[in-house]
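Participant: One structure, pasted below without further comment.
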Amino acid sequence: MARNLFVTKSLSDLLQEAKDNKAGLKKTLTRLNLTTLGVGAIIGAGIFVLTGQAAAQYAGPAIVISFIISGTACAFAGLCYAEFASMIPIAGSAYTYSYATLGEFLAWIIGWDLILEYLFAASTVSVGWSGYVVSFLNDFGLSIPTALTAATGSILVDVPKVGWQELTDNLVNGLSAQGISADTLPHVHAIINLPAMFIIAILCLLLVVGIRESANFNNIMVITKVTVIILFIAIGIAFVQSGNWHPFIPKNTGEWGHFGWSGILRGAGVIFFAYIGFDAVSTAAQEAKNPQRDMPVGILGSLTVSTILYILVAIVLTGIVSYTTLNVADPVAVGVNAMGKGMFWLRPIVKIAAIAGLSSVILVMLMGQPRIFYSMSKDGLLPPVFSKVHPKYKTPYISTLLTGGVAIILAGVLPISILGELVSIGTLLAFAIVCVSIIVLRKTRPDLQRPFRTPMVPAIPLLGALICIIQMLALPLDTWLRLVIWMAIGFIIYFSYGIKHSKQRIKNQNLH
């Protein structure tokens with residue numbers, strides 16, 4: 001029994017599967033498509049939502065250091081992903097890599113864990129998307145009832161009644177300066193987040209229609225948001241007030257993780273969510289025209305571009321306004337408001353870029369999860385329905401619709417803080433396992449052809465795994481409890497279904 005848990009999938013079978021492409025997924029993605037898919041997934045909630053919130057709650061202006069820590073961990077993990085993606089160009093990402101190196105049980109763990117990354121990430125980002133859409137519409141006098149724009153049970157300031165401009169001015173200048181108390185503003189209990197649910201539904205339908213159409217939509221969104229982010233950085237530098245950076249590392253409140261160096265570490269763990277996009281590139285390996293050559297470029301290129309932009313935005317944003325004002329759904333919009341009425345023209349542009357940027361993140365996350373299910377189903381660990389490909393569009397349409405349905409529910413009822421922390425801990429665990437897998441495979445199969453080789457093995461993989469684990473330890477206890485519950489559900493499914501239907505295990509039994 002124990003031996004069956006660690007059966008590995010033959011690398012020769014994986015490579016033959018990639019060569020034959022029996023599954024029927026359409027090979028349409030170029031090097032540029034893969035890079036923009038990565039940037040599309042990375043540049044989104046991290047810049048437009050989590051930067052401000054993590055600065056306000058955990059790290060202050062030192063959120064810049066948090067980004068450097070997370071970016072370094074991602075660079076190490078990205079190098080490991082690049083080697084695997086060039087060597088095993090199969091849909092499934094870290095799940096497939098673990099199956100080939102560490103065995104079926106650990107592959108199941110990481111496959112189940114990746115659901116936290118992709119499925120919950122789509123829901124998380126859609127909540128941020130909702131915040132910017134509501135803000136954008138309010139600028140033009142259009143309002144959605146506040147009760148329909150946040151997680152179930154949330155208690156919110158009733159923005160349409162107060163007036164969005166009035167509220168954001170107060171956040172920047174101080175409520176008391178205008179004689180308004182936060183306690184006296186009208187509040188309302190939220191029922192459901194309809195805008196977040198809407199965007200997931202629309203993008204799921206786009207993904208069903210085809211990967212090429214989805215990639216083209218993503219390219220447009222990426223160009224839009226990167227252009228505006230560069231514009232925000234260039235203009236925002238002139239409005240930086242160095243006093244907002246002091247103290248750069250706010251004094252710890254006496255509670256671990258709330259400012260000080262522990263806050264920087266916790267901030268790094270929370271915003272790690274912002275970097276997850278580069279590994280989503282690897283889930284599309286079977287739809288790439290030349291995966292061995294182009295996957296490393298897509299992974300490492302998108303990671304490099306995104307890290308530079310993250311650090312610059314964090315520096316400028318915390319310089320324009322005090323970090324204490326940034327714990328809102330649209331912190332970049334707060335930064336633009338603080339530039340004064342003369343910069344009013346930039347506000348709708350930034351919000352359009354945020355909406356476009358977050359749309360592309362949701363799209364790539366919703367693209368990644370069905371392909372994980374697809375690979376697990378092809379291996380027999382999930383029912384065959386998860387690997388059904390649409391006869392016309394050549395996409396895993398049932399998995400896409402199921403993923404979208406669950407994501408819609410999560411986005412409608414859960415707040416962004418819980419979703420974001422769950423995604424971070426799931427992603428960190430996945431990255432740590434991939435880093436360890438590189439070391440294992442170098443020892444067990446040194447003969448394999450590696451179009452891209454991770455440098456300085458085992459140092460880089462070990463550092464990548466270590467930094468990921470440290471960031472996991474910095475996350476709140478309740479996040480760990482949710483992870484334990486989630487993994488327990490996964491174990492029940494594996495031992496009641498997956499282990500009995502595993503094609504690799506059945507194949508090995510037949511050979512013996």
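Just remember, in the structure tokens the first chain shown is A, the second B, etc., residues are 1-based per chain, and ligands are 1-based in the order shown.
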Residues at most 8 Å from Val316 of chain A, counting only C-alpha atoms, excluding those fewer than 2 positions away in the same chain, as a PyMOL selection string?

Facilitator: chain A and resi 233+236-237+240+312-314+318-320

Participant: Could you write those residues out with N, CA and C atoms, as a PDB file, in the first residue's frame?

Facilitator:
```pdb
ATOM      1  N   ILE A 233       3.589  55.588 -12.504  1.00  0.00           N
ATOM      2  CA  ILE A 233       4.914  55.702 -11.878  1.00  0.00           C
ATOM      3  C   ILE A 233       5.593  57.008 -12.296  1.00  0.00           C
ATOM      4  N   GLY A 236       3.524  59.947 -10.808  1.00  0.00           N
ATOM      5  CA  GLY A 236       3.454  59.893  -9.350  1.00  0.00           C
ATOM      6  C   GLY A 236       4.733  60.311  -8.656  1.00  0.00           C
ATOM      7  N   ILE A 237       5.889  60.110  -9.286  1.00  0.00           N
ATOM      8  CA  ILE A 237       7.169  60.486  -8.682  1.00  0.00           C
ATOM      9  C   ILE A 237       7.168  61.958  -8.281  1.00  0.00           C
ATOM     10  N   VAL A 240       5.519  62.608  -4.786  1.00  0.00           N
ATOM     11  CA  VAL A 240       6.026  61.895  -3.617  1.00  0.00           C
ATOM     12  C   VAL A 240       6.442  62.892  -2.533  1.00  0.00           C
ATOM     13  N   LEU A 312       8.534  49.468  -8.069  1.00  0.00           N
ATOM     14  CA  LEU A 312       8.385  50.890  -8.391  1.00  0.00           C
ATOM     15  C   LEU A 312       7.034  51.442  -7.940  1.00  0.00           C
ATOM     16  N   VAL A 313       5.958  50.691  -8.159  1.00  0.00           N
ATOM     17  CA  VAL A 313       4.637  51.144  -7.731  1.00  0.00           C
ATOM     18  C   VAL A 313       4.566  51.243  -6.207  1.00  0.00           C
ATOM     19  N   ALA A 314       5.143  50.277  -5.496  1.00  0.00           N
ATOM     20  CA  ALA A 314       5.128  50.307  -4.030  1.00  0.00           C
ATOM     21  C   ALA A 314       5.860  51.542  -3.508  1.00  0.00           C
ATOM     22  N   THR A 318       3.424  54.527  -1.660  1.00  0.00           N
ATOM     23  CA  THR A 318       3.619  54.843  -0.235  1.00  0.00           C
ATOM     24  C   THR A 318       4.296  56.194  -0.051  1.00  0.00           C
ATOM     25  N   GLY A 319       4.838  56.760  -1.125  1.00  0.00           N
ATOM     26  CA  GLY A 319       5.402  58.107  -1.057  1.00  0.00           C
ATOM     27  C   GLY A 319       4.367  59.188  -1.295  1.00  0.00           C
ATOM     28  N   ILE A 320       3.331  58.869  -2.067  1.00  0.00           N
ATOM     29  CA  ILE A 320       2.278  59.853  -2.364  1.00  0.00           C
ATOM     30  C   ILE A 320       1.363  60.050  -1.167  1.00  0.00           C
TER      31      ILE A 320
END
```

Participant: Among segment 344-496 of chain A, which residues does DSSP mark as alpha helix (DSSP H) when it is run on the backbone? Keep the chain and numbering as in the structure and answer as a VMD selection string.

Facilitator: chain A and resid 346 to 378 397 to 413 416 to 444 459 to 474 477 to 493

Participant: Quick one: distance from atom CA of Ile63 of chain A to atom CA of Leu419 of chain A in Å, one decimal?

Facilitator: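 Interatomic distance, atom CA of Ile63 of chain A to atom CA of Leu419 of chain A: 19.9 Å.
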
Participant: Please identify all polymer residues within 12 Å of Met343 of chain A, counting only C-alpha atoms, omitting same-chain residues fewer than 5 positions from it, and present them as a PyMOL selection string.

Facilitator: chain A and resi 232+235-236+238-239+333+335-338+348-350

Participant: Could you make a table, as JSON lines, of the residues of segment 39-106 of chain A that have an atom within 9 Å of an atom of segment 451-460 of chain A, each with its nearest atom pair and distance in Å to one decimal, counting only C-alpha atoms, in chain and number order?

Facilitator:
```
{"residue": "A:Phe76", "atom": "CA", "partner": "A:Ile460", "partner_atom": "CA", "distance": 5.7}
{"residue": "A:Ala77", "atom": "CA", "partner": "A:Ile460", "partner_atom": "CA", "distance": 8.2}
{"residue": "A:Leu79", "atom": "CA", "partner": "A:Thr454", "partner_atom": "CA", "distance": 5.4}
{"residue": "A:Cys80", "atom": "CA", "partner": "A:Thr454", "partner_atom": "CA", "distance": 5.8}
{"residue": "A:Tyr81", "atom": "CA", "partner": "A:Thr454", "partner_atom": "CA", "distance": 8.7}
{"residue": "A:Ala82", "atom": "CA", "partner": "A:Phe452", "partner_atom": "CA", "distance": 6.7}
{"residue": "A:Glu83", "atom": "CA", "partner": "A:Phe452", "partner_atom": "CA", "distance": 5.0}
{"residue": "A:Phe84", "atom": "CA", "partner": "A:Phe452", "partner_atom": "CA", "distance": 8.3}
{"residue": "A:Ala85", "atom": "CA", "partner": "A:Phe452", "partner_atom": "CA", "distance": 8.7}
{"residue": "A:Ser86", "atom": "CA", "partner": "A:Pro451", "partner_atom": "CA", "distance": 5.9}
{"residue": "A:Met87", "atom": "CA", "partner": "A:Pro451", "partner_atom": "CA", "distance": 6.5}
```

Participant: Restrict the calculation to only C-alpha atoms, then for each residue of segment 292-387 of chain A with any atom at most 7 Å from an atom of segment 129-136 of chain A give the closest atom pair and their distance in Å to one decimal, rows by chain and rising residue number, as a tab-separated table.

Facilitator:
```
residue	atom	partner	partner_atom	distance
A:Ala329	CA	A:Gly131	CA	5.2
A:Asp330	CA	A:Tyr132	CA	5.9
A:Pro348	CA	A:Phe136	CA	6.5
A:Lys351	CA	A:Tyr132	CA	6.1
A:Ala354	CA	A:Tyr132	CA	6.9
A:Ile355	CA	A:Trp129	CA	5.7
A:Leu358	CA	A:Trp129	CA	5.7
```

Participant: Could you write out that same residue set with C-alpha atoms as an mmCIF file, in the first residue's frame?

Facilitator:
```cif
data_model
loop_
_atom_site.group_PDB
_atom_site.id
_atom_site.type_symbol
_atom_site.label_atom_id
_atom_site.label_comp_id
_atom_site.auth_asym_id
_atom_site.auth_seq_id
_atom_site.Cartn_x
_atom_site.Cartn_y
_atom_site.Cartn_z
ATOM 1 C CA ALA A 329 -10.350 48.016 -2.206
ATOM 2 C CA ASP A 330 -8.669 50.424 -4.643
ATOM 3 C CA PRO A 348 -10.483 57.076 -14.675
ATOM 4 C CA LYS A 351 -9.188 52.594 -12.854
ATOM 5 C CA ALA A 354 -6.940 48.237 -13.003
ATOM 6 C CA ILE A 355 -10.151 46.769 -14.363
ATOM 7 C CA LEU A 358 -7.541 42.356 -12.968
#
```

Participant: Do you know which residues are at most 7 Å from Glu104 of chain A counting only C-alpha atoms, after dropping those on the same chain fewer than 6 positions away, and could you put them as a list in words?

Facilitator: Leu5, Phe6, Val7 and Thr8 of chain A

Participant: I need the residue nearest Val208 of chain A from this list: A:Ser282, A:Ser399, A:Thr307, A:Asn508. Use only C-alpha atoms for the distance.

Facilitator: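 Nearest to Val208 of chain A: A:Ser399.
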
Participant: Between atom CA of Leu137 of chain A and atom CA of Thr51 of chain A, what is the spacing in Å?

Facilitator: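 Distance between the two atoms: 22.7 Å.
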
Participant: Pick out the closest residue to Ala268 of chain A from this set: A:Ile470, A:Asn193, A:Leu37, A:Phe495. Count only C-alpha atoms.

Facilitator: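 Closest to Ala268 of chain A, using only C-alpha atoms: A:Ile470.
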
Participant: Please provide as number ranges by chain all residues within 12 Å of Tyr99 of chain A, with the sequence filter that same-chain residues fewer than 5 positions apart are discarded (counting only C-alpha atoms).

Facilitator: A: 5-11, 13-14, 84, 88, 90, 92-94, 104-111, 375-376, 379, 381, 433-434, 437, 441, 502, 504-505

Participant: Could you check the closest approach to Leu429 of chain A for each of A:Ile47, A:Leu207, A:Phe140, A:Glu117 and tell me which residue wins, using only C-alpha atoms?

Facilitator: A:Glu117

Participant: Which residue out of A:Ile191, A:Cys435, A:Ala274, A:Leu483 has the minimum interatomic distance to Gly464 of chain A when only C-alpha atoms are used?

Facilitator: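 Residue with the minimum atom-to-atom distance to Gly464 of chain A: A:Cys435.
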
Participant: Find the residues around Ser360 of chain A up to 12 Å (only C-alpha atoms counted), leave out those fewer than 4 positions away in its own chain, and share them as a VMD selection string.

Facilitator: chain A and resid 36 to 45 122 125 to 126 129 199 to 200 203 to 204 206 to 207 214 to 226 277 353 to 356 364 to 367

Participant: Go ahead and save the picked residues with C-alpha atoms, as a PDB file, in the first residue's frame.

Facilitator:
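Saved as result-v8.pdb:
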```pdb
ATOM      1  CA  THR A  36       1.948  38.045 -21.775  1.00  0.00           C
ATOM      2  CA  LEU A  37      -0.019  35.248 -20.097  1.00  0.00           C
ATOM      3  CA  GLY A  38       2.518  35.408 -17.265  1.00  0.00           C
ATOM      4  CA  VAL A  39       2.449  39.199 -17.045  1.00  0.00           C
ATOM      5  CA  GLY A  40      -1.332  39.062 -17.366  1.00  0.00           C
ATOM      6  CA  ALA A  41      -1.557  36.829 -14.314  1.00  0.00           C
ATOM      7  CA  ILE A  42       1.118  38.534 -12.205  1.00  0.00           C
ATOM      8  CA  ILE A  43       0.296  42.202 -12.772  1.00  0.00           C
ATOM      9  CA  GLY A  44      -3.082  42.629 -11.186  1.00  0.00           C
ATOM     10  CA  ALA A  45      -4.249  42.294  -7.620  1.00  0.00           C
ATOM     11  CA  ALA A 122      -9.674  33.893  -9.506  1.00  0.00           C
ATOM     12  CA  VAL A 125      -8.921  38.990  -7.844  1.00  0.00           C
ATOM     13  CA  SER A 126     -12.553  39.273  -8.861  1.00  0.00           C
ATOM     14  CA  TRP A 129     -12.043  43.904  -9.766  1.00  0.00           C
ATOM     15  CA  ILE A 199     -16.763  38.965 -14.368  1.00  0.00           C
ATOM     16  CA  ILE A 200     -15.976  35.310 -13.573  1.00  0.00           C
ATOM     17  CA  LEU A 203     -14.455  35.085 -18.645  1.00  0.00           C
ATOM     18  CA  CYS A 204     -15.389  31.424 -18.175  1.00  0.00           C
ATOM     19  CA  LEU A 206     -14.563  33.178 -23.185  1.00  0.00           C
ATOM     20  CA  LEU A 207     -12.266  30.343 -22.060  1.00  0.00           C
ATOM     21  CA  SER A 214      -8.542  34.087 -24.652  1.00  0.00           C
ATOM     22  CA  ALA A 215      -4.856  34.777 -25.324  1.00  0.00           C
ATOM     23  CA  ASN A 216      -5.687  37.621 -27.726  1.00  0.00           C
ATOM     24  CA  PHE A 217      -8.005  39.199 -25.144  1.00  0.00           C
ATOM     25  CA  ASN A 218      -5.259  38.836 -22.546  1.00  0.00           C
ATOM     26  CA  ASN A 219      -2.692  40.547 -24.812  1.00  0.00           C
ATOM     27  CA  ILE A 220      -4.919  43.627 -25.123  1.00  0.00           C
ATOM     28  CA  MET A 221      -5.486  43.759 -21.365  1.00  0.00           C
ATOM     29  CA  VAL A 222      -1.751  43.413 -20.626  1.00  0.00           C
ATOM     30  CA  ILE A 223      -0.749  46.225 -23.003  1.00  0.00           C
ATOM     31  CA  THR A 224      -3.397  48.481 -21.453  1.00  0.00           C
ATOM     32  CA  LYS A 225      -2.456  47.938 -17.837  1.00  0.00           C
ATOM     33  CA  VAL A 226       1.336  47.992 -18.249  1.00  0.00           C
ATOM     34  CA  GLY A 277       1.102  34.169 -12.407  1.00  0.00           C
ATOM     35  CA  ALA A 353      -6.178  49.904 -16.332  1.00  0.00           C
ATOM     36  CA  ALA A 354      -6.940  48.237 -13.003  1.00  0.00           C
ATOM     37  CA  ILE A 355     -10.151  46.769 -14.363  1.00  0.00           C
ATOM     38  CA  ALA A 356      -8.338  45.540 -17.484  1.00  0.00           C
ATOM     39  CA  VAL A 364      -5.349  33.242 -16.609  1.00  0.00           C
ATOM     40  CA  MET A 365      -6.271  31.775 -13.215  1.00  0.00           C
ATOM     41  CA  LEU A 366      -9.505  30.362 -14.621  1.00  0.00           C
ATOM     42  CA  MET A 367      -7.468  28.961 -17.512  1.00  0.00           C
TER      43      MET A 367
END
```

Participant: Which residue gives the smallest distance to Gly52 of chain A among A:Ser302, A:Ser387, A:Gln509, A:Thr324, with only C-alpha atoms counted?

Facilitator: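 Closest to Gly52 of chain A of all the choices is A:Thr324.
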
Participant: What does the structure give for the distance between atom CA of Phe48 of chain A and atom CA of Leu466 of chain A, in Å to one decimal?

Facilitator: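 Calculated distance between atom CA of Phe48 of chain A and atom CA of Leu466 of chain A is 28.2 Å.
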
Participant: Looking at A:Gly269, A:Pro89, A:Gly128, A:Gly46, which one is nearest to Met197 of chain A, with distances taken over only C-alpha atoms?

Facilitator: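 Residue with the minimum atom-to-atom distance to Met197 of chain A: A:Gly128.
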